[in-house]
Number of protein chains: 2
Amino acid sequence: MPSPLPTEAELSILQVLWQRGPSTVREAHQALETSRAVGYTTVLKLLQIMTEKGLVTRDTAQRAHVYEAAVGEDAVQQHLIHTLLDQAFGGSAKKLILQALSVKESTAEELDEIRALLDEIERRS
Amino acid sequence: MPSPLPTEAELSILQVLWQRGPSTVREAHQALETSRAVGYTTVLKLLQIMTEKGLVTRDTAQRAHVYEAAVGEDAVQQHLIHTLLDQAFGGSAKKLILQALSVKESTAEELDEIRALLDEIERRS
DNA sequence: GGGTATGTACGAAGTGTTTCGTAATTAATA
DNA sequence: TATTAATTACGAAACACTTCGTACATACCC
């Protein structure tokens, strides 16, 4: 069964796990606190909920349980984009990309990388 | 004051208004019903809430009020992308674009259009 | 061993979203 | 004019998300 789309708070925790790797509640809490105020038990509760949803797994061998992301960052990003594509862009990836390019300045290097990928896609087809 | 980000249900209604232009509740309801089951008063209530939020305006001159989108499709799309960029892509438009390209097949024409925009951006800078 | 710190579990409140039923009002029709 | 149809307004239920307080269990330290 496919993992559900993480909520906003869940996503912020996944970001930490993707960056840090397997982490205890305390570690995740400390990492999160640098960007936003959040209580320790709030993080704990979220991780428990995310375990039920299958977004993370946990190792209960030690007293302080260790949580690990059960979904990949790429998979979640693609899921999010797919949803956004359907809900707001009529399924047109082109529109989404054009908007993304206009929203945020990209460096010349980034633009080149995008162009390179375009070339590769076209070559494959 | 800036318009809030529309919720999922609100976005589905905005899509209708962007496509149809100013519409009565009945018209919006009929258009929505083709894609998902939803009650008439549900659409009405949503439009009333959206009026309070400033997402739509309404003309009450006739008995059947006429609702019109008060936010542009482009503006909402950019707002959504900006939020997604922050929440799931660490602010990197490049990453988002690369993922979007891999999520959905684009036609050669679309790829060319994207490439043209890349060129234009690079020329401007 | 007794007290402090650290951890998990659980319940519940607060908020926002979505949905629709019901009542009241206005227009159309027989 | 009386009935029916269409419309708006309003309240509230159902659900999900987020947050945290409290209770309880476990480890550590003097």
# chains A, B, ... in the order shown; residues from 1 in each chain; ligands from 1
$ residues_around --residues "region 2-9 of chain C" --least-positions-apart "4" --cutoff "9 Å" --atoms "only C-alpha atoms (C1' of nucleotides)" --output "PyMOL selection string"
(chain A and resi 44+63-65) or (chain D and resi 23-29)
$ write_last_selection --atoms "C-alpha atoms (C1' of nucleotides)" --output "mmCIF file, in the first residue's frame"
data_model
loop_
_atom_site.group_PDB
_atom_site.id
_atom_site.type_symbol
_atom_site.label_atom_id
_atom_site.label_comp_id
_atom_site.auth_asym_id
_atom_site.auth_seq_id
_atom_site.Cartn_x
_atom_site.Cartn_y
_atom_site.Cartn_z
ATOM 1 C CA LEU A 44 7.217 12.593 19.716
ATOM 2 C CA ARG A 63 15.017 3.116 25.564
ATOM 3 C CA ALA A 64 15.206 6.126 23.307
ATOM 4 C CA HIS A 65 13.566 4.853 20.141
ATOM 5 C "C1'" DA D 23 0.767 10.171 33.714
ATOM 6 C "C1'" DC D 24 3.657 6.533 33.892
ATOM 7 C "C1'" DA D 25 7.972 3.876 33.163
ATOM 8 C "C1'" DT D 26 12.895 3.502 33.047
ATOM 9 C "C1'" DA D 27 17.593 4.778 33.794
ATOM 10 C "C1'" DC D 28 21.059 7.380 36.332
ATOM 11 C "C1'" DC D 29 23.421 9.189 40.450
#
$ residues_around --residues "DA16 (chain D)" --least-positions-apart "2" --cutoff "10 Å" --atoms "only C-alpha atoms (C1' of nucleotides)" --output "PyMOL selection string"
(chain C and resi 16-17) or (chain D and resi 14+18)
$ closest_residue --among "C:DG1, C:DG11, C:DT19, C:DA28" --to "DC15 (chain D)" --atoms "only C-alpha atoms (C1' of nucleotides)"
C:DT19
$ select_by_dssp --residues "chain B" --states "alpha helix (DSSP H)" --output "PyMOL selection string"
chain B and resi 8-20+25-33+40-53+73-88+93-103+108-124
$ residues_around --residues "region 82-96 of chain A" --least-positions-apart "5" --cutoff "8 Å" --atoms "only C-alpha atoms (C1' of nucleotides)" --output "PyMOL selection string"
chain B and resi 8+11-12+15+77+100-101+103-104+106+110-111+114
$ interface_residues --of "chain B" --to "chain C" --cutoff "8 Å" --atoms "only C-alpha atoms (C1' of nucleotides)" --output "PyMOL selection string"
chain B and resi 7+9+39+41-42+63
$ write_last_selection --atoms "all heavy atoms" --output "PDB file, in the first residue's frame"
ATOM      1  N   THR B   7      -7.470  26.488  -0.151  1.00  0.00           N
ATOM      2  CA  THR B   7      -7.422  25.075   0.221  1.00  0.00           C
ATOM      3  C   THR B   7      -7.725  24.240  -1.022  1.00  0.00           C
ATOM      4  O   THR B   7      -8.017  24.779  -2.091  1.00  0.00           O
ATOM      5  CB  THR B   7      -8.465  24.759   1.297  1.00  0.00           C
ATOM      6  OG1 THR B   7      -9.760  24.944   0.728  1.00  0.00           O
ATOM      7  CG2 THR B   7      -8.307  25.663   2.513  1.00  0.00           C
ATOM      8  N   ALA B   9     -10.311  22.264  -1.757  1.00  0.00           N
ATOM      9  CA  ALA B   9     -11.671  22.424  -2.285  1.00  0.00           C
ATOM     10  C   ALA B   9     -11.837  23.801  -2.916  1.00  0.00           C
ATOM     11  O   ALA B   9     -12.506  23.952  -3.943  1.00  0.00           O
ATOM     12  CB  ALA B   9     -12.694  22.224  -1.168  1.00  0.00           C
ATOM     13  N   GLY B  39     -22.349  18.448  -3.145  1.00  0.00           N
ATOM     14  CA  GLY B  39     -23.686  19.018  -3.004  1.00  0.00           C
ATOM     15  C   GLY B  39     -23.746  20.484  -3.394  1.00  0.00           C
ATOM     16  O   GLY B  39     -22.729  21.188  -3.342  1.00  0.00           O
ATOM     17  N   THR B  41     -25.280  22.986  -1.879  1.00  0.00           N
ATOM     18  CA  THR B  41     -25.039  23.921  -0.779  1.00  0.00           C
ATOM     19  C   THR B  41     -23.585  23.902  -0.318  1.00  0.00           C
ATOM     20  O   THR B  41     -23.127  24.856   0.291  1.00  0.00           O
ATOM     21  CB  THR B  41     -25.961  23.641   0.421  1.00  0.00           C
ATOM     22  OG1 THR B  41     -25.758  22.303   0.851  1.00  0.00           O
ATOM     23  CG2 THR B  41     -27.405  23.872   0.062  1.00  0.00           C
ATOM     24  N   THR B  42     -22.912  22.836  -0.609  1.00  0.00           N
ATOM     25  CA  THR B  42     -21.481  22.792  -0.293  1.00  0.00           C
ATOM     26  C   THR B  42     -20.722  23.822  -1.135  1.00  0.00           C
ATOM     27  O   THR B  42     -19.889  24.578  -0.622  1.00  0.00           O
ATOM     28  CB  THR B  42     -20.914  21.394  -0.573  1.00  0.00           C
ATOM     29  OG1 THR B  42     -21.613  20.451   0.219  1.00  0.00           O
ATOM     30  CG2 THR B  42     -19.435  21.324  -0.251  1.00  0.00           C
ATOM     31  N   ARG B  63     -30.831  37.880  -8.227  1.00  0.00           N
ATOM     32  CA  ARG B  63     -31.132  36.937  -7.148  1.00  0.00           C
ATOM     33  C   ARG B  63     -30.055  35.862  -7.068  1.00  0.00           C
ATOM     34  O   ARG B  63     -29.572  35.555  -5.979  1.00  0.00           O
ATOM     35  CB  ARG B  63     -32.498  36.290  -7.359  1.00  0.00           C
ATOM     36  CG  ARG B  63     -32.866  35.367  -6.215  1.00  0.00           C
ATOM     37  CD  ARG B  63     -34.346  35.142  -6.173  1.00  0.00           C
ATOM     38  NE  ARG B  63     -34.723  33.974  -6.941  1.00  0.00           N
ATOM     39  CZ  ARG B  63     -35.035  32.793  -6.401  1.00  0.00           C
ATOM     40  NH1 ARG B  63     -34.968  32.649  -5.090  1.00  0.00           N
ATOM     41  NH2 ARG B  63     -35.401  31.789  -7.135  1.00  0.00           N
TER      42      ARG B  63
END
$ closest_atom_pairs --of "chain D" --to "chain B" --cutoff "12 Å" --atoms "only C-alpha atoms (C1' of nucleotides)" --output "Markdown table"
| residue | atom | partner | partner_atom | distance |
| --- | --- | --- | --- | --- |
| D:DA6 | C1' | B:Ala64 | CA | 8.9 |
| D:DT7 | C1' | B:Ala64 | CA | 6.5 |
| D:DT8 | C1' | B:Leu44 | CA | 8.5 |
| D:DA9 | C1' | B:Lys45 | CA | 9.2 |
| D:DC10 | C1' | B:Lys45 | CA | 9.7 |
| D:DG11 | C1' | B:Lys45 | CA | 11.7 |
$ write_last_selection --atoms "N, CA, C and O atoms (P, O5', C5', C4', C3', O3' and C1' of nucleotides)" --output "mmCIF file, in the first residue's frame"
data_model
loop_
_atom_site.group_PDB
_atom_site.id
_atom_site.type_symbol
_atom_site.label_atom_id
_atom_site.label_comp_id
_atom_site.auth_asym_id
_atom_site.auth_seq_id
_atom_site.Cartn_x
_atom_site.Cartn_y
_atom_site.Cartn_z
ATOM 1 P P DA D 6 -36.065 24.173 -10.057
ATOM 2 O "O5'" DA D 6 -35.359 25.470 -9.453
ATOM 3 C "C5'" DA D 6 -35.666 26.744 -10.026
ATOM 4 C "C4'" DA D 6 -35.048 27.832 -9.197
ATOM 5 C "C3'" DA D 6 -33.580 27.595 -8.834
ATOM 6 O "O3'" DA D 6 -32.869 28.782 -9.143
ATOM 7 C "C1'" DA D 6 -34.836 28.086 -6.884
ATOM 8 P P DT D 7 -31.292 28.771 -9.131
ATOM 9 O "O5'" DT D 7 -30.973 29.487 -7.750
ATOM 10 C "C5'" DT D 7 -31.332 30.857 -7.585
ATOM 11 C "C4'" DT D 7 -31.256 31.248 -6.139
ATOM 12 C "C3'" DT D 7 -29.929 30.941 -5.453
ATOM 13 O "O3'" DT D 7 -29.093 32.080 -5.464
ATOM 14 C "C1'" DT D 7 -31.829 30.619 -4.032
ATOM 15 P P DT D 8 -27.664 32.014 -4.783
ATOM 16 O "O5'" DT D 8 -27.956 32.543 -3.298
ATOM 17 C "C5'" DT D 8 -28.651 33.769 -3.100
ATOM 18 C "C4'" DT D 8 -28.964 33.933 -1.623
ATOM 19 C "C3'" DT D 8 -27.741 33.899 -0.704
ATOM 20 O "O3'" DT D 8 -27.775 35.027 0.154
ATOM 21 C "C1'" DT D 8 -29.359 32.339 0.042
ATOM 22 P P DA D 9 -26.563 35.392 1.113
ATOM 23 O "O5'" DA D 9 -27.036 34.691 2.473
ATOM 24 C "C5'" DA D 9 -28.266 35.088 3.067
ATOM 25 C "C4'" DA D 9 -28.475 34.326 4.356
ATOM 26 C "C3'" DA D 9 -27.247 34.264 5.264
ATOM 27 O "O3'" DA D 9 -27.631 34.677 6.561
ATOM 28 C "C1'" DA D 9 -28.136 32.084 4.913
ATOM 29 P P DC D 10 -26.543 35.035 7.678
ATOM 30 O "O5'" DC D 10 -26.590 33.712 8.560
ATOM 31 C "C5'" DC D 10 -27.861 33.176 8.920
ATOM 32 C "C4'" DC D 10 -27.696 31.766 9.434
ATOM 33 C "C3'" DC D 10 -26.455 31.541 10.280
ATOM 34 O "O3'" DC D 10 -26.871 31.386 11.616
ATOM 35 C "C1'" DC D 10 -26.886 29.718 8.801
ATOM 36 P P DG D 11 -25.812 31.272 12.812
ATOM 37 O "O5'" DG D 11 -25.914 29.709 13.165
ATOM 38 C "C5'" DG D 11 -27.197 29.092 13.119
ATOM 39 C "C4'" DG D 11 -27.044 27.602 13.216
ATOM 40 C "C3'" DG D 11 -25.934 27.148 14.167
ATOM 41 O "O3'" DG D 11 -26.447 26.112 14.985
ATOM 42 C "C1'" DG D 11 -25.580 26.224 12.004
#
$ atom_distance --atom1 "CA of His29 (chain A)" --atom2 "CA of Ala70 (chain A)"
18.4 Å
$ select_by_dssp --residues "region 11-114 of chain A" --states "strand (DSSP E or B)" --output "list of chain:residue names"
A:Ser23, A:Thr24, A:Val56, A:Thr57, A:Arg58, A:Asp59, A:Val66, A:Tyr67, A:Glu68, A:Ala69
$ atom_distance --atom1 "CA of Tyr67 (chain B)" --atom2 "CA of Pro22 (chain B)"
5.4 Å
$ residues_around --residues "Ile121 (chain A)" --least-positions-apart "4" --cutoff "10 Å" --atoms "only C-alpha atoms (C1' of nucleotides)" --output "list in words"
Arg115, Ala116, Leu117 and Ser125 of chain A; Leu101, Ser102, Glu105, Ser106, Ala108 and Leu111 of chain B
$ atom_distance --atom1 "CA of Gln99 (chain B)" --atom2 "CA of Leu118 (chain A)"
12.0 Å
$ closest_residue --among "A:Ile81, A:Thr24, A:Arg123, A:Leu46" --to "chain B" --atoms "only C-alpha atoms"
A:Ile81
